[in-house]
>>> print(open('query-v8.cif').read())   # mmCIF, C-alpha atoms and all ligand atoms
data_start
#
loop_
_atom_site.label_atom_id
_atom_site.label_comp_id
_atom_site.auth_asym_id
_atom_site.auth_seq_id
_atom_site.Cartn_x
_atom_site.Cartn_y
_atom_site.Cartn_z
CA MET A 1 -23.52 36.80 32.48
CA SER A 2 -21.12 33.90 32.93
CA ILE A 3 -20.85 30.13 32.57
CA LEU A 4 -20.27 27.36 35.11
CA ILE A 5 -18.98 24.03 33.77
CA LEU A 6 -19.00 20.98 36.01
CA ALA A 7 -15.89 18.99 35.14
CA GLU A 8 -15.88 15.25 34.58
CA HIS A 9 -12.50 13.77 35.50
CA ASP A 10 -10.87 10.65 36.92
CA SER A 11 -9.08 12.47 39.79
CA ALA A 12 -5.88 12.64 37.70
CA ALA A 13 -7.03 14.36 34.52
CA LEU A 14 -10.06 15.93 32.90
CA LYS A 15 -12.04 13.65 30.63
CA ALA A 16 -12.02 14.53 26.94
CA ALA A 17 -15.77 15.16 27.24
CA THR A 18 -15.04 18.07 29.60
CA LEU A 19 -12.58 19.58 27.11
CA SER A 20 -15.29 19.39 24.43
CA THR A 21 -17.80 21.02 26.78
CA ILE A 22 -15.36 23.90 27.34
CA ALA A 23 -15.05 24.22 23.54
CA ALA A 24 -18.85 24.47 23.32
CA ALA A 25 -18.95 27.06 26.12
CA LYS A 26 -16.46 29.22 24.25
CA LYS A 27 -19.05 29.69 21.52
CA LEU A 28 -21.15 31.63 24.06
CA ASP A 29 -18.36 34.18 24.41
CA LEU A 30 -18.84 34.69 28.16
CA PRO A 31 -16.51 34.21 31.16
CA ILE A 32 -16.14 30.51 31.98
CA ASP A 33 -15.57 29.02 35.46
CA LEU A 34 -14.70 25.35 35.82
CA LEU A 35 -16.00 23.50 38.88
CA VAL A 36 -13.89 20.47 39.84
CA LEU A 37 -15.32 18.23 42.57
CA GLY A 38 -13.59 15.22 44.08
CA GLU A 39 -11.06 14.18 46.67
CA GLY A 40 -7.33 14.66 46.09
CA ILE A 41 -7.85 16.50 42.83
CA ASP A 42 -4.93 18.94 42.72
CA ALA A 43 -3.63 17.22 39.57
CA VAL A 44 -6.90 18.01 37.81
CA ALA A 45 -6.67 21.68 38.79
CA THR A 46 -3.06 21.81 37.58
CA GLN A 47 -4.08 20.32 34.25
CA ALA A 48 -7.04 22.71 33.95
CA LYS A 49 -4.58 25.60 34.21
CA ASN A 50 -3.28 24.51 30.81
CA ILE A 51 -6.57 25.52 29.24
CA GLU A 52 -6.73 28.97 27.76
CA GLY A 53 -9.68 31.23 28.47
CA LEU A 54 -10.96 30.06 31.88
CA ARG A 55 -11.78 32.87 34.33
CA LYS A 56 -11.24 30.65 37.37
CA ILE A 57 -11.12 27.08 38.58
CA ILE A 58 -13.32 26.30 41.58
CA LEU A 59 -12.00 23.36 43.55
CA GLY A 60 -14.30 21.42 45.86
CA ASP A 61 -11.74 19.01 47.31
CA ASN A 62 -13.57 17.02 49.95
CA ALA A 63 -14.13 13.40 50.96
CA VAL A 64 -17.87 13.80 50.30
CA PHE A 65 -17.05 14.09 46.60
CA LYS A 66 -14.78 11.02 46.53
CA ASP A 67 -17.53 8.95 44.92
CA ILE A 68 -19.68 10.43 42.23
CA LEU A 69 -23.12 10.71 43.74
CA ALA A 70 -25.60 12.88 41.89
CA GLU A 71 -27.12 13.76 45.29
CA THR A 72 -23.94 15.51 46.48
CA PHE A 73 -22.63 16.84 43.16
CA SER A 74 -25.97 18.47 42.31
CA GLN A 75 -26.03 20.19 45.73
CA ALA A 76 -22.62 21.74 45.01
CA VAL A 77 -23.75 22.98 41.60
CA LEU A 78 -26.93 24.37 43.13
CA ALA A 79 -24.92 26.23 45.76
CA LEU A 80 -23.16 28.14 42.99
CA ALA A 81 -25.97 28.28 40.44
CA GLY A 82 -27.26 31.72 41.48
CA GLU A 83 -24.16 33.45 40.13
CA TYR A 84 -24.34 31.96 36.63
CA SER A 85 -26.45 32.45 33.54
CA PHE A 86 -25.35 29.10 32.03
CA ILE A 87 -24.53 25.74 33.59
CA LEU A 88 -22.94 23.18 31.27
CA VAL A 89 -21.93 19.54 31.65
CA PRO A 90 -21.03 16.87 29.10
CA ALA A 91 -24.00 14.76 27.97
CA THR A 92 -22.32 11.65 29.36
CA THR A 93 -23.65 9.29 32.02
CA PHE A 94 -21.99 11.61 34.54
CA GLY A 95 -23.69 14.77 33.30
CA LYS A 96 -27.01 13.14 32.53
CA ASN A 97 -27.16 11.85 36.09
CA ILE A 98 -26.46 15.17 37.77
CA LEU A 99 -27.86 18.03 35.73
CA PRO A 100 -31.58 17.15 35.61
CA ARG A 101 -31.61 17.38 39.42
CA VAL A 102 -30.18 20.88 39.18
CA ALA A 103 -32.69 21.87 36.50
CA ALA A 104 -35.60 20.51 38.53
CA LYS A 105 -34.54 22.28 41.71
CA LEU A 106 -34.17 25.56 39.84
CA ASP A 107 -37.40 24.94 37.91
CA ILE A 108 -35.61 25.47 34.61
CA GLN A 109 -36.16 23.64 31.34
CA GLN A 110 -32.92 21.75 30.67
CA ILE A 111 -31.69 21.75 27.06
CA SER A 112 -30.17 18.32 26.47
CA ASP A 113 -27.60 16.88 24.09
CA VAL A 114 -26.69 20.17 22.42
CA ILE A 115 -24.72 19.67 19.18
CA ASP A 116 -24.36 23.32 18.22
CA ILE A 117 -24.68 26.73 19.80
CA GLU A 118 -25.87 29.40 17.38
CA SER A 119 -26.19 32.19 19.96
CA PRO A 120 -26.72 32.46 23.73
CA GLN A 121 -30.45 31.91 23.01
CA ARG A 122 -30.33 29.38 20.13
CA PHE A 123 -29.23 25.78 20.47
CA VAL A 124 -29.28 22.80 18.13
CA ARG A 125 -29.95 19.23 19.27
CA PRO A 126 -30.88 15.90 17.68
CA VAL A 127 -34.30 14.37 18.32
CA TYR A 128 -35.91 11.04 17.31
CA ALA A 129 -32.56 9.20 17.53
CA GLY A 130 -30.89 11.74 15.28
CA ASN A 131 -33.52 11.53 12.53
CA ALA A 132 -34.43 15.18 12.99
CA ILE A 133 -32.45 18.18 14.13
CA GLN A 134 -34.23 20.65 16.37
CA THR A 135 -33.26 24.29 16.80
CA ILE A 136 -34.41 25.73 20.10
CA GLU A 137 -34.75 29.36 21.04
CA THR A 138 -34.94 29.98 24.75
CA ALA A 139 -36.38 32.91 26.67
CA GLN A 140 -35.04 31.60 29.99
CA GLU A 141 -32.70 33.89 31.90
CA LYS A 142 -30.68 30.95 33.11
CA ASN A 143 -29.92 28.00 30.87
CA ILE A 144 -28.85 24.52 31.75
CA LEU A 145 -27.26 22.52 28.94
CA THR A 146 -25.81 19.07 28.45
CA ILE A 147 -23.31 19.08 25.60
CA ARG A 148 -22.77 16.18 23.20
CA PRO A 149 -18.97 15.86 23.37
CA THR A 150 -18.51 14.37 19.89
CA SER A 151 -19.98 17.51 18.30
CA PHE A 152 -17.29 19.89 19.57
CA ASN A 153 -13.53 19.53 19.10
CA ALA A 154 -11.86 19.38 22.50
CA VAL A 155 -9.94 22.50 23.56
CA ALA A 156 -6.19 22.01 23.44
CA LEU A 157 -4.01 21.81 26.54
CA GLY A 158 -1.24 24.35 26.13
CA ALA A 159 1.14 26.27 28.34
CA ALA A 160 0.15 26.85 31.98
CA GLN A 161 -2.05 29.95 32.44
CA ASP A 162 -2.27 32.01 35.61
CA THR A 163 -5.93 31.04 36.08
CA PRO A 164 -6.87 31.54 39.75
CA VAL A 165 -7.88 28.44 41.71
CA GLU A 166 -10.55 29.11 44.33
CA LYS A 167 -10.87 26.45 47.04
CA LYS A 168 -14.48 26.13 48.08
CA GLU A 169 -16.14 24.47 51.07
CA PHE A 170 -19.70 23.32 50.52
CA SER A 171 -22.12 22.68 53.33
CA LEU A 172 -24.22 19.81 52.10
CA THR A 173 -27.27 18.02 53.41
CA PRO A 174 -26.12 14.41 53.95
CA PRO A 175 -27.43 12.36 51.01
CA ARG A 176 -30.01 9.66 51.63
CA VAL A 177 -28.10 7.27 49.44
CA ARG A 178 -24.79 5.56 50.08
CA PHE A 179 -22.13 4.64 47.56
CA VAL A 180 -21.69 0.88 47.66
CA GLY A 181 -19.29 0.11 44.83
CA ILE A 182 -18.51 0.37 41.19
CA GLU A 183 -17.72 -2.37 38.71
CA ALA A 184 -15.84 -0.76 35.87
CA SER A 185 -15.13 -2.82 32.80
CA LYS A 186 -11.43 -3.34 32.22
CA ALA A 187 -10.05 -3.48 28.73
CA ASP A 188 -6.62 -3.41 27.15
CA ARG A 189 -8.06 -1.74 24.09
CA PRO A 190 -8.85 1.97 23.70
CA ASP A 191 -12.05 3.26 25.29
CA LEU A 192 -14.95 2.98 22.85
CA SER A 193 -16.28 6.46 23.61
CA SER A 194 -13.05 8.27 22.75
CA ALA A 195 -11.16 5.89 20.41
CA ARG A 196 -9.89 7.29 17.11
CA ILE A 197 -10.68 4.02 15.32
CA VAL A 198 -13.60 1.68 16.05
CA VAL A 199 -14.16 -1.73 14.49
CA SER A 200 -17.76 -2.85 15.01
CA GLY A 201 -19.39 -6.20 14.39
CA GLY A 202 -23.04 -7.04 13.91
CA ARG A 203 -25.31 -10.06 13.67
CA GLY A 204 -23.54 -10.99 10.43
CA VAL A 205 -20.49 -12.04 12.44
CA GLY A 206 -22.57 -15.03 13.51
CA SER A 207 -21.20 -16.06 16.91
CA LYS A 208 -19.11 -15.16 19.93
CA GLU A 209 -16.26 -17.32 18.59
CA ASN A 210 -16.36 -15.61 15.19
CA PHE A 211 -16.01 -12.21 16.92
CA LYS A 212 -12.29 -13.06 17.24
CA ILE A 213 -11.94 -11.97 13.62
CA ILE A 214 -13.20 -8.50 14.64
CA GLU A 215 -10.85 -8.44 17.64
CA GLU A 216 -7.86 -9.32 15.44
CA LEU A 217 -8.59 -6.46 13.08
CA ALA A 218 -9.16 -4.06 15.98
CA ASP A 219 -5.86 -5.03 17.60
CA ARG A 220 -3.98 -4.65 14.33
CA LEU A 221 -5.40 -1.12 13.93
CA GLY A 222 -5.12 -0.17 17.61
CA ALA A 223 -8.89 0.26 17.60
CA ALA A 224 -11.73 -0.08 20.09
CA ILE A 225 -14.40 -2.70 19.49
CA GLY A 226 -18.04 -1.82 19.02
CA ALA A 227 -21.14 -3.81 18.16
CA SER A 228 -24.72 -3.55 17.05
CA ARG A 229 -27.49 -4.30 19.48
CA ALA A 230 -28.26 -7.52 17.64
CA ALA A 231 -24.69 -8.71 18.31
CA VAL A 232 -25.00 -7.73 21.97
CA ASP A 233 -28.43 -9.35 22.37
CA ALA A 234 -27.10 -12.54 20.80
CA GLY A 235 -24.37 -12.60 23.47
CA TYR A 236 -21.42 -12.21 21.07
CA VAL A 237 -20.03 -9.31 23.14
CA PRO A 238 -20.84 -7.50 26.43
CA ASN A 239 -23.47 -4.76 26.28
CA ASP A 240 -21.03 -1.91 26.96
CA TYR A 241 -19.83 -2.50 23.37
CA GLN A 242 -23.16 -1.37 21.96
CA VAL A 243 -23.15 1.58 19.60
CA GLY A 244 -26.41 3.38 18.85
CA GLN A 245 -29.47 5.07 20.19
CA THR A 246 -29.52 2.94 23.31
CA GLY A 247 -25.76 2.39 23.36
CA LYS A 248 -22.79 4.70 22.99
CA ILE A 249 -22.80 7.72 20.72
CA ILE A 250 -19.39 7.99 19.13
CA ALA A 251 -17.65 9.93 16.37
CA PRO A 252 -14.23 8.35 15.73
CA ASP A 253 -11.97 9.29 12.82
CA LEU A 254 -12.62 5.85 11.33
CA TYR A 255 -15.62 3.55 11.93
CA ILE A 256 -15.58 0.10 10.31
CA ALA A 257 -19.01 -1.59 10.36
CA ILE A 258 -18.79 -5.31 9.66
CA GLY A 259 -21.91 -7.42 9.15
CA ILE A 260 -24.09 -4.55 10.36
CA SER A 261 -27.18 -3.67 8.31
CA GLY A 262 -27.33 -0.01 9.36
CA ALA A 263 -30.67 0.28 11.18
CA ILE A 264 -31.52 3.87 12.15
CA GLN A 265 -30.98 3.07 15.81
CA HIS A 266 -27.42 1.96 15.02
CA LEU A 267 -26.75 4.95 12.76
CA ALA A 268 -27.82 7.27 15.61
CA GLY A 269 -24.68 6.21 17.44
CA MET A 270 -22.05 6.42 14.71
CA VAL A 271 -23.19 8.58 11.82
CA GLY A 272 -21.02 11.45 13.07
CA SER A 273 -17.84 9.38 12.40
CA LYS A 274 -15.39 11.14 10.10
CA VAL A 275 -14.87 8.16 7.75
CA ILE A 276 -17.24 5.19 7.64
CA VAL A 277 -16.28 1.86 6.05
CA ALA A 278 -18.93 -0.83 5.66
CA ILE A 279 -18.41 -4.50 4.90
CA ASN A 280 -21.63 -6.32 4.11
CA LYS A 281 -22.67 -9.07 1.73
CA ASP A 282 -25.97 -7.38 0.91
CA PRO A 283 -25.41 -4.54 -1.62
CA ASP A 284 -28.73 -2.98 -0.56
CA ALA A 285 -27.86 -2.81 3.15
CA PRO A 286 -28.76 0.70 4.43
CA ILE A 287 -25.29 1.07 5.97
CA PHE A 288 -23.95 1.73 2.45
CA GLN A 289 -26.03 4.94 2.32
CA VAL A 290 -23.87 6.50 5.02
CA ALA A 291 -20.59 4.73 4.20
CA ASP A 292 -17.68 6.59 2.60
CA TYR A 293 -16.22 3.25 1.51
CA GLY A 294 -18.27 0.12 0.98
CA LEU A 295 -17.08 -3.42 0.43
CA VAL A 296 -19.79 -5.81 -0.78
CA GLY A 297 -18.85 -9.36 0.07
CA ASP A 298 -18.58 -12.05 2.70
CA LEU A 299 -16.81 -10.76 5.79
CA PHE A 300 -15.18 -14.15 6.31
CA THR A 301 -13.43 -13.75 2.94
CA ILE A 302 -12.74 -10.01 3.12
CA LEU A 303 -11.34 -9.82 6.65
CA PRO A 304 -8.55 -12.41 6.19
CA GLU A 305 -7.57 -10.63 2.96
CA LEU A 306 -7.57 -7.29 4.75
CA HIS A 307 -5.54 -8.80 7.56
CA ASN A 308 -2.92 -10.10 5.08
CA GLU A 309 -2.68 -6.71 3.39
CA LEU A 310 -2.28 -4.93 6.73
CA GLN A 311 0.45 -7.38 7.71
CA LYS A 312 2.42 -6.38 4.64
C1 LIG A 401 -35.86 1.27 20.72
C2 LIG A 401 -34.75 0.59 19.96
C3 LIG A 401 -33.45 0.92 20.26
C4 LIG A 401 -32.39 0.32 19.56
N1 LIG A 401 -31.11 0.68 19.85
C5 LIG A 401 -30.11 0.15 19.11
C6 LIG A 401 -28.76 0.56 19.32
O1 LIG A 401 -28.44 1.36 20.22
N2 LIG A 401 -27.81 0.02 18.55
C7 LIG A 401 -28.07 -0.89 17.55
O2 LIG A 401 -27.14 -1.33 16.87
N3 LIG A 401 -29.34 -1.29 17.34
C8 LIG A 401 -30.36 -0.81 18.11
N4 LIG A 401 -31.62 -1.25 17.90
C9 LIG A 401 -31.82 -2.44 17.02
C10 LIG A 401 -31.83 -2.08 15.54
O3 LIG A 401 -33.13 -1.75 15.14
C11 LIG A 401 -31.37 -3.31 14.69
O4 LIG A 401 -32.19 -4.40 15.00
C12 LIG A 401 -29.92 -3.70 14.93
O5 LIG A 401 -29.09 -2.57 14.82
C13 LIG A 401 -29.54 -4.73 13.89
O6 LIG A 401 -28.22 -5.17 14.14
P1 LIG A 401 -27.36 -5.76 12.96
O7 LIG A 401 -27.19 -4.74 11.90
O8 LIG A 401 -26.14 -6.36 13.55
O9 LIG A 401 -28.25 -6.99 12.47
P2 LIG A 401 -29.05 -7.21 11.13
O10 LIG A 401 -29.99 -6.08 10.86
O11 LIG A 401 -29.60 -8.59 11.20
O12 LIG A 401 -27.93 -7.13 10.00
C14 LIG A 401 -26.93 -8.08 9.83
C15 LIG A 401 -26.19 -7.69 8.57
O13 LIG A 401 -25.09 -8.57 8.38
C16 LIG A 401 -24.97 -8.85 7.00
N5 LIG A 401 -24.27 -10.14 6.89
C17 LIG A 401 -24.69 -11.36 7.30
N6 LIG A 401 -23.74 -12.29 7.08
C18 LIG A 401 -22.69 -11.63 6.52
C19 LIG A 401 -21.41 -12.05 6.06
N7 LIG A 401 -21.02 -13.33 6.15
N8 LIG A 401 -20.59 -11.11 5.52
C20 LIG A 401 -20.97 -9.81 5.42
N9 LIG A 401 -22.18 -9.36 5.84
C21 LIG A 401 -23.02 -10.26 6.40
C22 LIG A 401 -26.38 -8.90 6.48
O14 LIG A 401 -26.42 -8.64 5.09
C23 LIG A 401 -27.05 -7.79 7.30
O15 LIG A 401 -27.02 -6.56 6.61
C24 LIG A 401 -32.68 -0.67 18.57
C25 LIG A 401 -34.00 -0.99 18.29
C26 LIG A 401 -35.03 -0.38 18.97
C27 LIG A 401 -36.45 -0.74 18.63
#
>>> encode(input="query-v8.cif", output="structure tokens")
Amino acid sequence: MSILILAEHDSAALKAATLSTIAAAKKLDLPIDLLVLGEGIDAVATQAKNIEGLRKIILGDNAVFKDILAETFSQAVLALAGEYSFILVPATTFGKNILPRVAAKLDIQQISDVIDIESPQRFVRPVYAGNAIQTIETAQEKNILTIRPTSFNAVALGAAQDTPVEKKEFSLTPPRVRFVGIEASKADRPDLSSARIVVSGGRGVGSKENFKIIEELADRLGAAIGASRAAVDAGYVPNDYQVGQTGKIIAPDLYIAIGISGAIQHLAGMVGSKVIVAINKDPDAPIFQVADYGLVGDLFTILPELHNELQK
């Protein structure tokens, strides 16, 4: 019995979500192989050697993997699948795009968005936007899991290990899709998915112009900016800022919710945050039920005061 993890990386380094997936895999207490696919990815393999406890790193360094196409990546995973009892990927857009294809081809029930591993047969996952927690027991011989990265602390990168690196050639059926382009959002601020501090604004902020007050606080704290769906729908901020059931699921050290009521769909995306601060003028706003610190008052009064204090 052993585990295959498909690594998510940016050709230079592993994404934090991959390090969390490795942490999850360690709970299974089985040999772990890390599959790295891409083009010109030696740096990723070198970095992966700094992770303790990997049996080997499998490197598929080929131009066909230059662009992330689920059609090619899933073929590579399928080529190796026979040897493994577990296949794990992060439950990110990357993993969610690739793994269901693998599960379907193998005719296996995928177990998605795992937040805890109780044993090699028992897994915990949220359902109904996090309103219920489901424990699953599987009788499948092979299991395919997507791992929610925010539920597992990333493994540390330490001293270089002598983990073997196996270069692998894959013979793939040419995909019937073609990579055309990617438009990645550029931001000077930390990435919302992995930021330690997130300052989020909701409908209460009132307008796109008013959102500057949120940006100022975020910049002072070195934080990423998030938003509720109402703020996104109203056009205050782009939709990749959205936190929640249909947005990003995050768990920063500090989440500051400003002018956000705390609808269940919003909570689904941030309730795992270590410390939650809410600023809202309505003392009965549901956000206060999950907040560690609550400030009842007008955000347009509180934020300038907070700004002045932080400046001191
Ligand atoms: C299928 C589905 C999926 C959804 N997915 C998401 C999701 O991913 N993320 C998400 O966020 N929502 C999601 N929603 C929408 C969700 O139900 C709420 O409508 C939304 O979260 C409300 O956003 P809000 O808290 O900003 O707005 P509101 O609920 O309108 O709350 C605004 C808050 O601001 C406060 N306020 C107003 N003025 C001030 C002021 N001057 N100072 C201080 N406080 C003030 C008010 O007291 C109020 O509590 C989803 C809904 C559905 C049906």
>>> closest_residue(input="query-v8.cif", among="A:Thr150, A:Thr138, A:Ser11, A:Thr92", to="A:Glu39", atoms="all atoms listed in the file")
A:Ser11
>>> closest_atom_pairs(input="query-v8.cif", of="chain A", to="ligand LIG 401 (chain A)", cutoff="8 Å", atoms="all atoms listed in the file", output="JSON lines")
{"residue": "A:Gly201", "atom": "CA", "partner": "A:LIG401", "partner_atom": "O8", "distance": 6.8}
{"residue": "A:Gly202", "atom": "CA", "partner": "A:LIG401", "partner_atom": "O8", "distance": 3.2}
{"residue": "A:Arg203", "atom": "CA", "partner": "A:LIG401", "partner_atom": "O8", "distance": 3.8}
{"residue": "A:Gly204", "atom": "CA", "partner": "A:LIG401", "partner_atom": "C17", "distance": 3.4}
{"residue": "A:Val205", "atom": "CA", "partner": "A:LIG401", "partner_atom": "N6", "distance": 6.3}
{"residue": "A:Gly206", "atom": "CA", "partner": "A:LIG401", "partner_atom": "N6", "distance": 7.1}
{"residue": "A:Ala227", "atom": "CA", "partner": "A:LIG401", "partner_atom": "O2", "distance": 6.6}
{"residue": "A:Ser228", "atom": "CA", "partner": "A:LIG401", "partner_atom": "O2", "distance": 3.3}
{"residue": "A:Arg229", "atom": "CA", "partner": "A:LIG401", "partner_atom": "C7", "distance": 4.0}
{"residue": "A:Ala230", "atom": "CA", "partner": "A:LIG401", "partner_atom": "O6", "distance": 4.2}
{"residue": "A:Ala231", "atom": "CA", "partner": "A:LIG401", "partner_atom": "O8", "distance": 5.5}
{"residue": "A:Gln242", "atom": "CA", "partner": "A:LIG401", "partner_atom": "N2", "distance": 5.9}
{"residue": "A:Val243", "atom": "CA", "partner": "A:LIG401", "partner_atom": "N2", "distance": 5.0}
{"residue": "A:Gly244", "atom": "CA", "partner": "A:LIG401", "partner_atom": "O1", "distance": 3.2}
{"residue": "A:Gln245", "atom": "CA", "partner": "A:LIG401", "partner_atom": "O1", "distance": 3.9}
{"residue": "A:Thr246", "atom": "CA", "partner": "A:LIG401", "partner_atom": "O1", "distance": 3.6}
{"residue": "A:Gly247", "atom": "CA", "partner": "A:LIG401", "partner_atom": "O1", "distance": 4.3}
{"residue": "A:Lys248", "atom": "CA", "partner": "A:LIG401", "partner_atom": "O1", "distance": 7.1}
{"residue": "A:Ile258", "atom": "CA", "partner": "A:LIG401", "partner_atom": "N9", "distance": 6.5}
{"residue": "A:Gly259", "atom": "CA", "partner": "A:LIG401", "partner_atom": "O13", "distance": 3.5}
{"residue": "A:Ile260", "atom": "CA", "partner": "A:LIG401", "partner_atom": "O7", "distance": 3.5}
{"residue": "A:Ser261", "atom": "CA", "partner": "A:LIG401", "partner_atom": "O15", "distance": 3.4}
{"residue": "A:Gly262", "atom": "CA", "partner": "A:LIG401", "partner_atom": "O7", "distance": 5.4}
{"residue": "A:Ala263", "atom": "CA", "partner": "A:LIG401", "partner_atom": "O5", "distance": 4.9}
{"residue": "A:Ile264", "atom": "CA", "partner": "A:LIG401", "partner_atom": "O3", "distance": 6.6}
{"residue": "A:Gln265", "atom": "CA", "partner": "A:LIG401", "partner_atom": "C5", "distance": 4.5}
{"residue": "A:His266", "atom": "CA", "partner": "A:LIG401", "partner_atom": "O2", "distance": 3.8}
{"residue": "A:Leu267", "atom": "CA", "partner": "A:LIG401", "partner_atom": "O2", "distance": 7.5}
{"residue": "A:Ala268", "atom": "CA", "partner": "A:LIG401", "partner_atom": "O1", "distance": 7.5}
{"residue": "A:Gly269", "atom": "CA", "partner": "A:LIG401", "partner_atom": "O1", "distance": 6.7}
{"residue": "A:Ile279", "atom": "CA", "partner": "A:LIG401", "partner_atom": "C20", "distance": 5.9}
{"residue": "A:Asn280", "atom": "CA", "partner": "A:LIG401", "partner_atom": "N9", "distance": 3.5}
{"residue": "A:Lys281", "atom": "CA", "partner": "A:LIG401", "partner_atom": "C20", "distance": 4.1}
{"residue": "A:Asp282", "atom": "CA", "partner": "A:LIG401", "partner_atom": "O14", "distance": 4.4}
{"residue": "A:Pro283", "atom": "CA", "partner": "A:LIG401", "partner_atom": "O14", "distance": 7.9}
{"residue": "A:Ala285", "atom": "CA", "partner": "A:LIG401", "partner_atom": "O15", "distance": 5.2}
{"residue": "A:Pro286", "atom": "CA", "partner": "A:LIG401", "partner_atom": "O15", "distance": 7.8}
{"residue": "A:Ile287", "atom": "CA", "partner": "A:LIG401", "partner_atom": "O15", "distance": 7.8}
{"residue": "A:Val296", "atom": "CA", "partner": "A:LIG401", "partner_atom": "C20", "distance": 7.5}
{"residue": "A:Gly297", "atom": "CA", "partner": "A:LIG401", "partner_atom": "C20", "distance": 5.8}
{"residue": "A:Asp298", "atom": "CA", "partner": "A:LIG401", "partner_atom": "N8", "distance": 3.6}
{"residue": "A:Leu299", "atom": "CA", "partner": "A:LIG401", "partner_atom": "N8", "distance": 3.8}
{"residue": "A:Phe300", "atom": "CA", "partner": "A:LIG401", "partner_atom": "N7", "distance": 5.9}
>>> closest_atom_pairs(input="query-v8.cif", of="stretch 94-206 of chain A", to="stretch 61-85 of chain A", cutoff="7 Å", atoms="only C-alpha atoms", output="tab-separated table")
residue	atom	partner	partner_atom	distance
A:Asn97	CA	A:Ala70	CA	6.1
A:Ile98	CA	A:Ala70	CA	4.8
A:Leu99	CA	A:Ser74	CA	6.9
A:Arg101	CA	A:Ser74	CA	6.4
A:Val102	CA	A:Ser74	CA	5.8
A:Glu141	CA	A:Ser85	CA	6.6
A:Lys142	CA	A:Ser85	CA	4.5
A:Asn143	CA	A:Ser85	CA	6.2
A:Phe170	CA	A:Ala76	CA	6.4
A:Leu172	CA	A:Gln75	CA	6.6
A:Pro175	CA	A:Glu71	CA	5.9
A:Phe179	CA	A:Asp67	CA	6.8
>>> atom_distance(input="query-v8.cif", atom1="atom CA of A:Thr301", atom2="atom CA of A:Glu216")
14.4 Å
>>> atom_distance(input="query-v8.cif", atom1="atom CA of A:Asp292", atom2="atom CA of A:Ala132")
21.5 Å
>>> closest_residue(input="query-v8.cif", among="A:Met270, A:Ala160, A:Leu28, A:Leu221", to="A:Leu310", atoms="all atoms listed in the file")
A:Leu221
>>> residues_near_point(input="query-v8.cif", point="(-13.1, 6.3, 22.6)", cutoff="6 Å", atoms="all atoms listed in the file", output="NGL selection string")
:A and (191-195)
>>> write_last_selection(input="query-v8.cif", atoms="C-alpha atoms", output="PDB file, keeping the file's coordinate frame")
ATOM      1  CA  ASP A 191     -12.050   3.260  25.290  1.00  0.00           C
ATOM      2  CA  LEU A 192     -14.950   2.980  22.850  1.00  0.00           C
ATOM      3  CA  SER A 193     -16.280   6.460  23.610  1.00  0.00           C
ATOM      4  CA  SER A 194     -13.050   8.270  22.750  1.00  0.00           C
ATOM      5  CA  ALA A 195     -11.160   5.890  20.410  1.00  0.00           C
TER       6      ALA A 195
END
>>> closest_residue(input="query-v8.cif", among="A:Gln47, A:Ser119, A:Ser200, A:Ser151", to="A:Ile136", atoms="only C-alpha atoms")
A:Ser119
>>> closest_residue(input="query-v8.cif", among="A:Thr163, A:Arg125, A:Gln110, A:Pro149", to="A:Arg55", atoms="only C-alpha atoms")
A:Thr163
>>> atom_distance(input="query-v8.cif", atom1="atom CA of A:Arg148", atom2="atom CA of A:Ala129")
13.3 Å
>>> closest_residue(input="query-v8.cif", among="A:Leu145, A:Ile108, A:Ile249, A:Val180", to="A:Gly130", atoms="only C-alpha atoms")
A:Ile249
